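To start, the structure under review is shown below, and the notes come after it.
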Amino acid sequence: MAIIKAGKVVIVLAGRHAGKKAVVVKTFDDGTSDKRFSHCLIAGLDKQPRKVTKAMDKKKVEKRSKCMKPFIKYVNVRHLFPTRYVVDIDLKKAVDEADLVDAEKKVDTKKQLKTIFYDRYMNQKEVTSEKKAQGSSYFFKKLQF
């Protein structure tokens, strides 16, 4: 797939995480030995951070931001809806494909993802490119439909 690349924000269309936003970590265009279809490894937010306003103090903002719940999954390309947004979160280092086989290592990977997403959410203003800043702000907003 030429459109779906690493770092692209996608919306999951089918399955348990349908209607949730995710970021593509890695694509497999030709498939693999166990999955013969083109698929992607995605990492996303099952539970978005709660809304924050300017009137809230730092403690309340931090509490409302910590409620993020990440997920990581292999998904068929046909079950993904690509958006125009791109995020520059480097998830390839955090997510190792070998760790996804073992349940305990997958939990550790999710915890690591949560810290990465939390750090990016709290430091959104420090993104250099305006296009990437739009992508990260879109990624952390709840999908309205």
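Order determines the names: the first chain of the structure tokens is A, the second B, and so forth; residues in each chain are numbered 1 upward, and ligands are numbered 1 upward as they are shown.
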
List the neighbours of A:Gly7 out to 8 Å using only C-alpha atoms; skip same-chain residues closer than 5 positions along the sequence, and give me the result as a ChimeraX atom specification.
/A:23-25,86-90

The selected residues should be written to file as a PDB file, in the first residue's frame (atoms: all heavy atoms).
ATOM      1  N   VAL A  23      -1.804   4.562  15.116  1.00  0.00           N
ATOM      2  CA  VAL A  23      -0.663   4.960  14.301  1.00  0.00           C
ATOM      3  C   VAL A  23      -0.039   3.692  13.732  1.00  0.00           C
ATOM      4  O   VAL A  23       0.147   2.706  14.447  1.00  0.00           O
ATOM      5  CB  VAL A  23       0.388   5.717  15.148  1.00  0.00           C
ATOM      6  CG1 VAL A  23       1.594   6.081  14.313  1.00  0.00           C
ATOM      7  CG2 VAL A  23      -0.219   6.948  15.768  1.00  0.00           C
ATOM      8  N   VAL A  24       0.292   3.716  12.453  1.00  0.00           N
ATOM      9  CA  VAL A  24       0.905   2.558  11.811  1.00  0.00           C
ATOM     10  C   VAL A  24       2.361   2.475  12.251  1.00  0.00           C
ATOM     11  O   VAL A  24       3.117   3.437  12.130  1.00  0.00           O
ATOM     12  CB  VAL A  24       0.809   2.661  10.273  1.00  0.00           C
ATOM     13  CG1 VAL A  24       1.531   1.511   9.605  1.00  0.00           C
ATOM     14  CG2 VAL A  24      -0.632   2.718   9.833  1.00  0.00           C
ATOM     15  N   VAL A  25       2.741   1.305  12.782  1.00  0.00           N
ATOM     16  CA  VAL A  25       4.118   1.082  13.199  1.00  0.00           C
ATOM     17  C   VAL A  25       4.910   0.462  12.056  1.00  0.00           C
ATOM     18  O   VAL A  25       6.012   0.898  11.734  1.00  0.00           O
ATOM     19  CB  VAL A  25       4.171   0.156  14.438  1.00  0.00           C
ATOM     20  CG1 VAL A  25       5.605  -0.120  14.842  1.00  0.00           C
ATOM     21  CG2 VAL A  25       3.407   0.761  15.579  1.00  0.00           C
ATOM     22  N   VAL A  86      -0.191  12.744   9.800  1.00  0.00           N
ATOM     23  CA  VAL A  86       1.013  11.968  10.064  1.00  0.00           C
ATOM     24  C   VAL A  86       1.549  12.393  11.426  1.00  0.00           C
ATOM     25  O   VAL A  86       1.510  13.562  11.776  1.00  0.00           O
ATOM     26  CB  VAL A  86       2.087  12.230   8.979  1.00  0.00           C
ATOM     27  CG1 VAL A  86       3.345  11.449   9.258  1.00  0.00           C
ATOM     28  CG2 VAL A  86       1.549  11.901   7.600  1.00  0.00           C
ATOM     29  N   VAL A  87       2.032  11.418  12.198  1.00  0.00           N
ATOM     30  CA  VAL A  87       2.585  11.684  13.521  1.00  0.00           C
ATOM     31  C   VAL A  87       4.044  11.243  13.507  1.00  0.00           C
ATOM     32  O   VAL A  87       4.385  10.218  12.926  1.00  0.00           O
ATOM     33  CB  VAL A  87       1.797  10.900  14.600  1.00  0.00           C
ATOM     34  CG1 VAL A  87       2.366  11.152  15.960  1.00  0.00           C
ATOM     35  CG2 VAL A  87       0.337  11.271  14.568  1.00  0.00           C
ATOM     36  N   ASP A  88       4.907  12.019  14.152  1.00  0.00           N
ATOM     37  CA  ASP A  88       6.333  11.677  14.167  1.00  0.00           C
ATOM     38  C   ASP A  88       6.745  10.961  15.451  1.00  0.00           C
ATOM     39  O   ASP A  88       7.854  11.112  15.919  1.00  0.00           O
ATOM     40  CB  ASP A  88       7.196  12.920  13.919  1.00  0.00           C
ATOM     41  CG  ASP A  88       7.024  13.955  15.007  1.00  0.00           C
ATOM     42  OD1 ASP A  88       6.008  13.914  15.704  1.00  0.00           O
ATOM     43  OD2 ASP A  88       7.920  14.796  15.156  1.00  0.00           O
ATOM     44  N   ILE A  89       5.838  10.173  16.016  1.00  0.00           N
ATOM     45  CA  ILE A  89       6.177   9.376  17.195  1.00  0.00           C
ATOM     46  C   ILE A  89       6.927   8.140  16.702  1.00  0.00           C
ATOM     47  O   ILE A  89       6.432   7.398  15.866  1.00  0.00           O
ATOM     48  CB  ILE A  89       4.908   8.946  17.960  1.00  0.00           C
ATOM     49  CG1 ILE A  89       4.089  10.163  18.367  1.00  0.00           C
ATOM     50  CG2 ILE A  89       5.267   8.111  19.169  1.00  0.00           C
ATOM     51  CD1 ILE A  89       2.743   9.825  18.968  1.00  0.00           C
ATOM     52  N   ASP A  90       8.136   7.922  17.216  1.00  0.00           N
ATOM     53  CA  ASP A  90       8.937   6.783  16.782  1.00  0.00           C
ATOM     54  C   ASP A  90       8.566   5.569  17.626  1.00  0.00           C
ATOM     55  O   ASP A  90       9.014   5.420  18.756  1.00  0.00           O
ATOM     56  CB  ASP A  90      10.435   7.105  16.912  1.00  0.00           C
ATOM     57  CG  ASP A  90      11.291   6.051  16.265  1.00  0.00           C
ATOM     58  OD1 ASP A  90      10.807   5.396  15.314  1.00  0.00           O
ATOM     59  OD2 ASP A  90      12.436   5.860  16.704  1.00  0.00           O
TER      60      ASP A  90
END

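Of the residues in stretch 38-135 of chain A, those that DSSP places in strand (DSSP E) on the basis of the backbone are A:His39, A:Cys40, A:Leu41, A:Ile42, A:Ala43, A:Gly44, A:Leu45, A:Asp46, A:Lys47, A:Lys69, A:Pro70, A:Phe71, A:Ile72, A:Lys73, A:Tyr74, A:Val75, A:Asn76, A:Leu80, A:Phe81, A:Pro82, A:Thr83, A:Arg84, A:Tyr85, A:Val86.
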
Would you mind listing what lies within 12 Å of A:Lys141 as a PyMOL selection string, with only C-alpha atoms counted and same-chain residues fewer than 6 positions away left out?
chain A and resi 20-22+45-52+65+68+121+134-135

Save out the residues we just selected, all heavy atoms, as a short mmCIF file (atom, residue, chain, number, x, y, z; two decimals), in the first residue's frame.
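To be explicit, this is the file written out as result.cif:
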data_model
loop_
_atom_site.label_atom_id
_atom_site.label_comp_id
_atom_site.auth_asym_id
_atom_site.auth_seq_id
_atom_site.Cartn_x
_atom_site.Cartn_y
_atom_site.Cartn_z
N LYS A 20 -11.63 3.51 16.62
CA LYS A 20 -10.51 4.06 17.38
C LYS A 20 -9.40 4.51 16.43
O LYS A 20 -9.23 3.96 15.34
CB LYS A 20 -9.94 3.03 18.36
CG LYS A 20 -10.96 2.44 19.30
CD LYS A 20 -11.48 3.47 20.26
CE LYS A 20 -12.47 2.82 21.21
NZ LYS A 20 -13.18 3.78 22.00
N LYS A 21 -8.63 5.49 16.87
CA LYS A 21 -7.50 5.97 16.08
C LYS A 21 -6.25 5.21 16.47
O LYS A 21 -6.08 4.81 17.62
CB LYS A 21 -7.28 7.45 16.33
CG LYS A 21 -8.42 8.31 15.84
CD LYS A 21 -8.14 9.74 16.15
CE LYS A 21 -9.38 10.57 15.95
NZ LYS A 21 -9.24 11.91 16.45
N ALA A 22 -5.37 5.03 15.49
CA ALA A 22 -4.12 4.33 15.72
C ALA A 22 -3.05 4.89 14.80
O ALA A 22 -3.35 5.59 13.83
CB ALA A 22 -4.29 2.83 15.48
N LEU A 45 -4.93 4.21 20.68
CA LEU A 45 -5.52 4.51 21.98
C LEU A 45 -6.91 3.92 22.06
O LEU A 45 -7.81 4.31 21.31
CB LEU A 45 -5.57 6.02 22.19
CG LEU A 45 -4.24 6.70 22.40
CD1 LEU A 45 -4.44 8.21 22.47
CD2 LEU A 45 -3.57 6.21 23.65
N ASP A 46 -7.07 2.98 22.99
CA ASP A 46 -8.39 2.39 23.24
C ASP A 46 -9.24 3.37 24.03
O ASP A 46 -10.44 3.43 23.89
CB ASP A 46 -8.20 1.08 24.01
CG ASP A 46 -9.42 0.20 23.94
OD1 ASP A 46 -10.27 0.43 23.05
OD2 ASP A 46 -9.53 -0.73 24.75
N LYS A 47 -8.59 4.16 24.88
CA LYS A 47 -9.27 5.17 25.69
C LYS A 47 -8.50 6.47 25.54
O LYS A 47 -7.31 6.54 25.87
CB LYS A 47 -9.28 4.71 27.16
CG LYS A 47 -10.20 5.47 28.04
CD LYS A 47 -10.23 4.82 29.41
CE LYS A 47 -11.18 5.52 30.33
NZ LYS A 47 -11.13 4.96 31.68
N GLN A 48 -9.17 7.49 25.02
CA GLN A 48 -8.54 8.78 24.78
C GLN A 48 -8.38 9.56 26.07
O GLN A 48 -9.12 9.33 27.03
CB GLN A 48 -9.42 9.60 23.82
CG GLN A 48 -9.73 8.93 22.52
CD GLN A 48 -8.55 8.85 21.58
OE1 GLN A 48 -7.52 9.47 21.80
NE2 GLN A 48 -8.67 8.05 20.54
N PRO A 49 -7.45 10.52 26.13
CA PRO A 49 -7.36 11.40 27.29
C PRO A 49 -8.59 12.29 27.38
O PRO A 49 -9.17 12.65 26.36
CB PRO A 49 -6.09 12.21 27.05
CG PRO A 49 -5.81 12.08 25.61
CD PRO A 49 -6.40 10.80 25.15
N ARG A 50 -8.98 12.63 28.60
CA ARG A 50 -10.18 13.44 28.79
C ARG A 50 -9.93 14.89 28.42
O ARG A 50 -8.79 15.35 28.37
CB ARG A 50 -10.64 13.31 30.23
CG ARG A 50 -11.04 11.85 30.54
CD ARG A 50 -11.45 11.65 31.96
NE ARG A 50 -12.70 12.35 32.21
CZ ARG A 50 -13.16 12.59 33.44
NH1 ARG A 50 -12.47 12.19 34.49
NH2 ARG A 50 -14.30 13.21 33.61
N LYS A 51 -11.00 15.62 28.19
CA LYS A 51 -10.91 17.00 27.75
C LYS A 51 -10.28 17.88 28.83
O LYS A 51 -10.57 17.74 30.01
CB LYS A 51 -12.30 17.52 27.40
CG LYS A 51 -12.29 18.87 26.74
CD LYS A 51 -13.68 19.30 26.35
CE LYS A 51 -13.66 20.67 25.74
NZ LYS A 51 -14.99 21.13 25.37
N VAL A 52 -9.43 18.79 28.38
CA VAL A 52 -8.73 19.70 29.28
C VAL A 52 -9.03 21.13 28.84
O VAL A 52 -9.02 21.44 27.65
CB VAL A 52 -7.21 19.44 29.23
CG1 VAL A 52 -6.46 20.44 30.06
CG2 VAL A 52 -6.91 18.03 29.67
N SER A 65 -5.16 13.43 31.99
CA SER A 65 -4.35 12.96 30.87
C SER A 65 -3.83 11.54 31.07
O SER A 65 -3.47 10.88 30.10
CB SER A 65 -3.16 13.90 30.68
OG SER A 65 -3.62 15.21 30.47
N MET A 68 -5.21 7.43 29.61
CA MET A 68 -5.02 6.81 28.29
C MET A 68 -4.82 5.30 28.42
O MET A 68 -4.17 4.84 29.34
CB MET A 68 -3.79 7.39 27.61
CG MET A 68 -3.98 8.73 27.04
SD MET A 68 -2.59 9.19 26.04
CE MET A 68 -1.90 10.47 27.02
N TYR A 121 1.63 13.63 24.41
CA TYR A 121 0.40 14.40 24.67
C TYR A 121 0.70 15.63 25.53
O TYR A 121 0.18 16.71 25.27
CB TYR A 121 -0.64 13.51 25.36
CG TYR A 121 -1.93 14.22 25.67
CD1 TYR A 121 -2.79 14.61 24.66
CD2 TYR A 121 -2.29 14.52 26.99
CE1 TYR A 121 -3.97 15.27 24.94
CE2 TYR A 121 -3.47 15.18 27.28
CZ TYR A 121 -4.30 15.54 26.24
OH TYR A 121 -5.48 16.20 26.51
N GLN A 134 -0.34 19.09 13.87
CA GLN A 134 -1.75 18.86 13.58
C GLN A 134 -2.09 17.38 13.71
O GLN A 134 -3.14 17.02 14.23
CB GLN A 134 -2.10 19.32 12.17
CG GLN A 134 -2.23 20.80 12.01
CD GLN A 134 -2.60 21.17 10.59
OE1 GLN A 134 -2.32 20.43 9.65
NE2 GLN A 134 -3.21 22.32 10.42
N GLY A 135 -1.19 16.53 13.24
CA GLY A 135 -1.41 15.09 13.31
C GLY A 135 -1.48 14.59 14.74
O GLY A 135 -2.35 13.79 15.08
#

Near stretch 26-34 of chain A, 12 Å: stretch 44-127 of chain A residue rows, closest pairs, only C-alpha atoms, as CSV:
residue,atom,partner,partner_atom,distance
A:Ile72,CA,A:Lys26,CA,11.5
A:Lys73,CA,A:Lys26,CA,10.8
A:Tyr74,CA,A:Thr27,CA,9.4
A:Val75,CA,A:Thr27,CA,9.7
A:Asn76,CA,A:Phe28,CA,9.6
A:Val77,CA,A:Thr27,CA,8.8
A:Arg78,CA,A:Asp29,CA,11.7
A:Leu80,CA,A:Thr27,CA,11.9
A:Asp90,CA,A:Lys26,CA,11.0
A:Leu91,CA,A:Lys26,CA,9.1
A:Lys92,CA,A:Lys26,CA,7.6
A:Lys93,CA,A:Lys26,CA,11.3
A:Val95,CA,A:Lys26,CA,9.7
A:Asp96,CA,A:Lys26,CA,10.5
A:Glu97,CA,A:Lys26,CA,9.8

Since we have the selection now, will you write its residues out, keeping all heavy atoms, as a compact mmCIF listing (two decimals), in the first residue's frame?
# COMPACT_ATOMS: atom_id res chain seq x y z
N ILE A 72 -2.17 -2.54 20.90
CA ILE A 72 -1.26 -2.85 19.81
C ILE A 72 -1.77 -4.11 19.14
O ILE A 72 -2.18 -5.05 19.82
CB ILE A 72 0.19 -2.99 20.30
CG1 ILE A 72 1.12 -3.20 19.14
CG2 ILE A 72 0.33 -4.08 21.31
CD1 ILE A 72 2.53 -2.83 19.45
N LYS A 73 -1.80 -4.09 17.80
CA LYS A 73 -2.47 -5.18 17.11
C LYS A 73 -2.05 -5.26 15.64
O LYS A 73 -1.69 -4.26 15.04
CB LYS A 73 -3.98 -4.92 17.19
CG LYS A 73 -4.84 -6.06 16.80
CD LYS A 73 -6.28 -5.72 17.09
CE LYS A 73 -7.10 -6.96 16.83
NZ LYS A 73 -8.48 -6.82 17.16
N TYR A 74 -2.11 -6.49 15.10
CA TYR A 74 -1.98 -6.69 13.66
C TYR A 74 -3.37 -6.60 13.05
O TYR A 74 -4.30 -7.24 13.52
CB TYR A 74 -1.41 -8.07 13.34
CG TYR A 74 0.06 -8.23 13.66
CD1 TYR A 74 0.47 -8.91 14.79
CD2 TYR A 74 1.02 -7.70 12.81
CE1 TYR A 74 1.80 -9.06 15.09
CE2 TYR A 74 2.37 -7.84 13.10
CZ TYR A 74 2.76 -8.53 14.23
OH TYR A 74 4.08 -8.66 14.51
N VAL A 75 -3.52 -5.77 12.01
CA VAL A 75 -4.83 -5.57 11.39
C VAL A 75 -4.69 -5.63 9.88
O VAL A 75 -3.72 -5.13 9.30
CB VAL A 75 -5.42 -4.18 11.80
CG1 VAL A 75 -6.76 -3.96 11.16
CG2 VAL A 75 -5.54 -4.07 13.29
N ASN A 76 -5.68 -6.25 9.24
CA ASN A 76 -5.75 -6.30 7.79
C ASN A 76 -5.86 -4.87 7.24
O ASN A 76 -6.55 -4.03 7.82
CB ASN A 76 -6.97 -7.13 7.37
CG ASN A 76 -6.99 -7.46 5.89
OD1 ASN A 76 -6.41 -6.74 5.08
ND2 ASN A 76 -7.67 -8.53 5.54
N VAL A 77 -5.21 -4.61 6.14
CA VAL A 77 -5.20 -3.27 5.55
C VAL A 77 -6.61 -2.84 5.16
O VAL A 77 -6.95 -1.66 5.24
CB VAL A 77 -4.25 -3.23 4.33
CG1 VAL A 77 -4.34 -1.91 3.60
CG2 VAL A 77 -2.84 -3.48 4.77
N ARG A 78 -7.46 -3.78 4.78
CA ARG A 78 -8.82 -3.45 4.38
C ARG A 78 -9.68 -2.97 5.55
O ARG A 78 -10.75 -2.42 5.35
CB ARG A 78 -9.49 -4.66 3.73
CG ARG A 78 -8.83 -5.02 2.43
CD ARG A 78 -9.49 -6.21 1.82
NE ARG A 78 -8.79 -6.59 0.59
CZ ARG A 78 -9.38 -7.15 -0.43
NH1 ARG A 78 -10.66 -7.41 -0.38
NH2 ARG A 78 -8.68 -7.46 -1.50
N LEU A 80 -8.64 -0.75 7.73
CA LEU A 80 -8.07 0.53 8.17
C LEU A 80 -8.50 1.64 7.23
O LEU A 80 -8.58 1.44 6.01
CB LEU A 80 -6.54 0.46 8.20
CG LEU A 80 -5.91 -0.52 9.17
CD1 LEU A 80 -4.41 -0.52 8.98
CD2 LEU A 80 -6.26 -0.18 10.59
N ASP A 90 8.14 7.92 17.22
CA ASP A 90 8.94 6.78 16.78
C ASP A 90 8.57 5.57 17.63
O ASP A 90 9.01 5.42 18.76
CB ASP A 90 10.43 7.10 16.91
CG ASP A 90 11.29 6.05 16.26
OD1 ASP A 90 10.81 5.40 15.31
OD2 ASP A 90 12.44 5.86 16.70
N LEU A 91 7.75 4.69 17.06
CA LEU A 91 7.26 3.53 17.80
C LEU A 91 8.01 2.25 17.45
O LEU A 91 7.84 1.24 18.11
CB LEU A 91 5.76 3.33 17.53
CG LEU A 91 4.86 4.47 17.99
CD1 LEU A 91 3.44 4.23 17.52
CD2 LEU A 91 4.90 4.60 19.49
N LYS A 92 8.85 2.28 16.41
CA LYS A 92 9.56 1.06 16.01
C LYS A 92 10.52 0.58 17.08
O LYS A 92 10.71 -0.62 17.26
CB LYS A 92 10.32 1.29 14.70
CG LYS A 92 9.43 1.33 13.50
CD LYS A 92 10.22 1.37 12.22
CE LYS A 92 9.29 1.35 11.03
NZ LYS A 92 10.00 1.31 9.77
N LYS A 93 11.11 1.51 17.82
CA LYS A 93 12.03 1.13 18.89
C LYS A 93 11.27 0.54 20.08
O LYS A 93 11.74 -0.37 20.74
CB LYS A 93 12.84 2.34 19.35
CG LYS A 93 13.77 2.87 18.29
CD LYS A 93 14.46 4.12 18.75
CE LYS A 93 15.31 4.71 17.64
NZ LYS A 93 15.87 6.01 18.01
N VAL A 95 8.21 -0.95 20.03
CA VAL A 95 7.44 -2.15 19.72
C VAL A 95 8.32 -3.14 18.98
O VAL A 95 8.78 -2.88 17.87
CB VAL A 95 6.21 -1.79 18.86
CG1 VAL A 95 5.44 -3.03 18.50
CG2 VAL A 95 5.34 -0.80 19.58
N ASP A 96 8.55 -4.29 19.60
CA ASP A 96 9.29 -5.38 18.97
C ASP A 96 8.30 -6.49 18.66
O ASP A 96 7.49 -6.87 19.50
CB ASP A 96 10.39 -5.88 19.92
CG ASP A 96 11.31 -6.87 19.24
OD1 ASP A 96 11.43 -6.82 18.00
OD2 ASP A 96 11.90 -7.71 19.96
N GLU A 97 8.36 -7.01 17.43
CA GLU A 97 7.39 -8.03 17.02
C GLU A 97 7.50 -9.31 17.84
O GLU A 97 6.50 -10.00 18.05
CB GLU A 97 7.59 -8.34 15.54
CG GLU A 97 7.26 -7.17 14.65
CD GLU A 97 7.55 -7.47 13.20
OE1 GLU A 97 7.14 -8.55 12.74
OE2 GLU A 97 8.19 -6.64 12.55

Test item, alpha helix (DSSP H) assignment across chain A, answer as a PyMOL selection string
chain A and resi 58-65+103-122+130-140

So which one's closest to A:Tyr118, A:Arg84, A:Arg64, A:His79, A:Lys142? Using only C-alpha atoms, please.
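Of A:Arg84, A:Arg64, A:His79, A:Lys142, the one nearest A:Tyr118, counting only C-alpha atoms, is A:Arg64.
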
Would you mind listing what lies within 12 Å of A:Lys125 as a PDB file with C-alpha atoms, in the first residue's frame, with only C-alpha atoms counted and same-chain residues fewer than 5 positions away left out?
ATOM      1  CA  ASP A 119       4.900  12.261  26.966  1.00  0.00           C
ATOM      2  CA  ARG A 120       3.844  13.281  23.460  1.00  0.00           C
ATOM      3  CA  GLU A 130       3.193  22.290  11.909  1.00  0.00           C
ATOM      4  CA  LYS A 132       3.106  16.853  12.472  1.00  0.00           C
ATOM      5  CA  ALA A 133       1.661  19.020  15.251  1.00  0.00           C
ATOM      6  CA  GLN A 134      -1.752  18.862  13.580  1.00  0.00           C
ATOM      7  CA  SER A 136      -0.620  14.628  16.989  1.00  0.00           C
ATOM      8  CA  SER A 137      -3.441  16.918  18.111  1.00  0.00           C
TER       9      SER A 137
END

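For the choices A:Lys59, A:Val101, A:Pro70, A:Pro82, the atom-to-atom distance to A:Ala2 is smallest for A:Pro82 when using only C-alpha atoms.
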